[in-house]
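See below for the structure under consideration.
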Amino acid sequence: MIEIRNVTKAFDSIKAVDKVSVSIKENTVFGLIGTNGAGKSTVLRMVAGVLEPDEGEIAIDGIPVYDNMEAKSKIYFIADEPYFFANSNAMDMQKYLSTVYPEFATEDFYNYLVNFGLDKKRKINTFSKGMKKQLALLCGVCSNAKYLLCDETFDGLDPVMRQGIKSIFASEMEKRGMTPVIASHNLRELEDICDHVGLLHKGGVLLSKDLEDMKCNIQKIQCVFSSPEDEAKVISSLDIMKNEKRGSLNTLTVRGNKAEILAIFATVNTVFFEALPLSLEEIFISETEVVGYDIKKLILG
């Protein structure tokens, strides 16, 4: 488990991270969402032990991470702009990383290079941005580190490559319990892969919840009531987070268990009724509006 406890980091007069506390469970995909400047990269660099917090502490499996080789051996950090040695190729990176990560999966690495169409002898500085991202991700996966920290992981990858990387993540999680932590400004990018999502805003954690719990606890209902009396009865019985009405059509975002909500609607007459699935973006919009923020102004996929 990664434990981030009351962590603060400032650069001169700018407070990049302000009293952040988050726990990241093993063998889950944790999505760290936030706009540029929200503090995502700074948090990841502190978790990786690259930066030291001004306040608070970060522990990997109970071991303080900063200036601690035992903790760092469990982590592989992929920056937004991946670093490779000057004039190196994929073979050079494999040889170096094998000295840092003794369990580096060399055979898997070269198989992945072939599958992704990456030339092991070609100079990395001639790769496109997307190719560099692919190589960085393959290096991270094959390091066999327990925790893979990814800053804007899928930025620059085409849809096919994104799906390929997500499939590799799923396979590695099942095979050896890898835990990816993915920072992104794009909610839609993480919707089909994350188990838990944290939202950073202005250096602090605005929201941190299990995605499945959020989906189970918020329902979206579209309906047309048969009468004003039926509408009033339902409205007074539900914990309504949002109610949009266009003509006679009500679109309700409701907090609560789906079965209980459907039972309430069963007590009235409706001309039209439909329960709809919510996207990750809709869930976050609903949750953050309740606490006084408009996520549509913070994050746009």
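So you can find residues: chains in the structure tokens are A, B, ... in the order shown, residues in each start at 1, and ligands are numbered from 1 in order.
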
So that I can see what lies close to Lys121 of chain A, please list as a count of residues only the residues with an atom at most 7 Å from it, counting only C-alpha atoms and leaving out residues fewer than 6 positions away in the same chain.
3

Smallest atom-to-atom distance to Ser21 of chain A: which of A:Lys40, A:Leu190, A:Gly204, A:Ser143, using only C-alpha atoms?
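Smallest separation from Ser21 of chain A among the options: A:Gly204.
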
Write out as a PyMOL selection string each polymer residue whose atoms come within 8 Å of Ala38 of chain A, counting only C-alpha atoms; drop sequence neighbours fewer than 3 positions from it.
chain A and resi 16-17+34-35+200-204

Using DSSP assignments from the backbone, pull out every residue in segment 123-291 of chain A that falls under strand (DSSP E or B) and give it to me as number ranges by chain.
A: 123, 147-151, 179-184, 196-201, 204-210, 218-225, 239-246, 249-255, 270-276

Assign secondary structure with DSSP using the backbone only, and return the residues of segment 8-235 of chain A in helix (DSSP H, G or I) as an NGL selection string.
:A and (40-47 or 69-72 or 90-100 or 106-115 or 124-126 or 129-142 or 159-176 or 187-190 or 211-217 or 228-235)

Skipping near chain neighbours, those fewer than 2 positions away, what residues fall within 9 Å of Tyr147 of chain A using only C-alpha atoms, listed as a ChimeraX atom specification?
/A:2,26-27,74-77,144-145,149,178-181

Kindly indicate which residue among A:Val205, A:Ile283, A:Val29, A:Leu135 lies nearest to Asn6 of chain A, using only C-alpha atoms for the distances.
A:Val205

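One finds atom CA of Val224 of chain A at 5.8 Å from atom CA of Ser248 of chain A.
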
As a ChimeraX atom specification, please: the residues near Glu52 of chain A (cut-off 9 Å, only C-alpha atoms, same-chain neighbours under 4 positions excluded).
/A:9,45-47,57,66-67

Go ahead and dump the residues you just picked, N, CA and C atoms, as a PDB file, in the first residue's frame.
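Output file result-v2.pdb follows:
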ATOM      1  N   LYS A   9       4.014  20.440  -0.289  1.00  0.00           N
ATOM      2  CA  LYS A   9       5.234  20.773  -1.026  1.00  0.00           C
ATOM      3  C   LYS A   9       5.069  22.120  -1.693  1.00  0.00           C
ATOM      4  N   ARG A  45       6.048  12.553  -8.044  1.00  0.00           N
ATOM      5  CA  ARG A  45       7.496  12.662  -7.818  1.00  0.00           C
ATOM      6  C   ARG A  45       7.847  12.473  -6.344  1.00  0.00           C
ATOM      7  N   MET A  46       6.959  12.882  -5.462  1.00  0.00           N
ATOM      8  CA  MET A  46       7.196  12.648  -4.040  1.00  0.00           C
ATOM      9  C   MET A  46       7.002  11.171  -3.689  1.00  0.00           C
ATOM     10  N   VAL A  47       5.995  10.547  -4.299  1.00  0.00           N
ATOM     11  CA  VAL A  47       5.782   9.117  -4.072  1.00  0.00           C
ATOM     12  C   VAL A  47       6.974   8.312  -4.582  1.00  0.00           C
ATOM     13  N   GLU A  57       4.358  12.738   5.374  1.00  0.00           N
ATOM     14  CA  GLU A  57       5.190  11.584   5.064  1.00  0.00           C
ATOM     15  C   GLU A  57       4.524  10.686   4.024  1.00  0.00           C
ATOM     16  N   TYR A  66      11.383   8.486   0.864  1.00  0.00           N
ATOM     17  CA  TYR A  66      12.445   9.414   0.467  1.00  0.00           C
ATOM     18  C   TYR A  66      13.807   8.935   0.959  1.00  0.00           C
ATOM     19  N   ASP A  67      14.785   8.905   0.033  1.00  0.00           N
ATOM     20  CA  ASP A  67      16.160   8.514   0.341  1.00  0.00           C
ATOM     21  C   ASP A  67      16.240   7.108   0.930  1.00  0.00           C
TER      22      ASP A  67
END

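As for atom CA of Asp239 of chain A and atom CA of Lys209 of chain A, they are spaced 19.2 Å apart.
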
Excluding Ile261 of chain A and residues on its chain fewer than 3 positions from it, collect all residues at most 10 Å away from it, counting only C-alpha atoms, and give them as a PyMOL selection string.
chain A and resi 219+221+234+237-239+254-258+264-266+275

Output N, CA and C atoms for every residue in that selection, as a short mmCIF file (atom, residue, chain, number, x, y, z; two decimals), in the first residue's frame.
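Written file, again_8.cif:
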data_model
loop_
_atom_site.label_atom_id
_atom_site.label_comp_id
_atom_site.auth_asym_id
_atom_site.auth_seq_id
_atom_site.Cartn_x
_atom_site.Cartn_y
_atom_site.Cartn_z
N GLN A 219 -27.47 7.40 -9.05
CA GLN A 219 -28.29 6.91 -10.16
C GLN A 219 -28.77 8.09 -11.00
N ILE A 221 -31.83 9.10 -13.55
CA ILE A 221 -33.17 8.71 -13.94
C ILE A 221 -33.76 9.75 -14.90
N VAL A 234 -42.36 11.91 -5.42
CA VAL A 234 -41.05 11.33 -5.67
C VAL A 234 -39.94 12.29 -5.26
N SER A 237 -39.19 12.35 -1.70
CA SER A 237 -38.74 11.07 -1.12
C SER A 237 -37.29 10.73 -1.47
N LEU A 238 -36.69 11.47 -2.39
CA LEU A 238 -35.35 11.13 -2.89
C LEU A 238 -34.30 12.13 -2.44
N ASP A 239 -33.06 11.67 -2.38
CA ASP A 239 -31.92 12.56 -2.12
C ASP A 239 -31.40 13.01 -3.49
N VAL A 254 -29.57 11.14 -8.63
CA VAL A 254 -30.06 10.82 -7.29
C VAL A 254 -29.02 10.00 -6.53
N ARG A 255 -28.79 10.36 -5.28
CA ARG A 255 -27.88 9.58 -4.44
C ARG A 255 -28.67 8.48 -3.75
N GLY A 256 -28.13 7.26 -3.83
CA GLY A 256 -28.78 6.16 -3.14
C GLY A 256 -28.70 4.85 -3.89
N ASN A 257 -29.16 3.80 -3.25
CA ASN A 257 -29.17 2.46 -3.82
C ASN A 257 -30.20 2.38 -4.94
N LYS A 258 -29.82 1.73 -6.04
CA LYS A 258 -30.70 1.68 -7.21
C LYS A 258 -32.03 0.99 -6.90
N ILE A 264 -39.22 3.43 -4.93
CA ILE A 264 -39.96 4.69 -4.73
C ILE A 264 -40.73 5.07 -5.99
N PHE A 265 -40.10 4.92 -7.16
CA PHE A 265 -40.77 5.24 -8.41
C PHE A 265 -41.95 4.29 -8.68
N ALA A 266 -41.85 3.09 -8.14
CA ALA A 266 -42.92 2.11 -8.35
C ALA A 266 -44.21 2.50 -7.64
N ALA A 275 -33.82 4.20 -16.28
CA ALA A 275 -32.62 4.34 -15.45
C ALA A 275 -31.41 4.23 -16.36
#

Proximity to Asp195 of chain A - best of A:Leu32, A:Val271, A:Leu249, A:Ile63, only C-alpha atoms
A:Leu32

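Interatomic distance, atom CA of Pro228 of chain A against atom CA of Gly247 of chain A: 12.9 Å.
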
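The residue that comes closest to Cys150 of chain A, out of A:Glu229, A:Asp61, A:Glu81, A:Glu282 and on the basis of only C-alpha atoms, is A:Glu81.
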
Determine, counting only C-alpha atoms, which protein, DNA and RNA residues have an atom within 9 Å of an atom of Ser88 of chain A; residues of the same chain fewer than 6 positions away are not included. Present the result as a PDB file with C-alpha atoms, in the first residue's frame.
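Now in part_17.pdb:
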ATOM      1  CA  LYS A 121      18.435  -0.959 -32.376  1.00  0.00           C
ATOM      2  CA  ARG A 122      16.940   2.349 -33.528  1.00  0.00           C
ATOM      3  CA  LYS A 123      18.053   5.489 -31.658  1.00  0.00           C
ATOM      4  CA  ILE A 124      15.311   6.527 -29.263  1.00  0.00           C
ATOM      5  CA  ASN A 125      15.829  10.215 -30.071  1.00  0.00           C
TER       6      ASN A 125
END
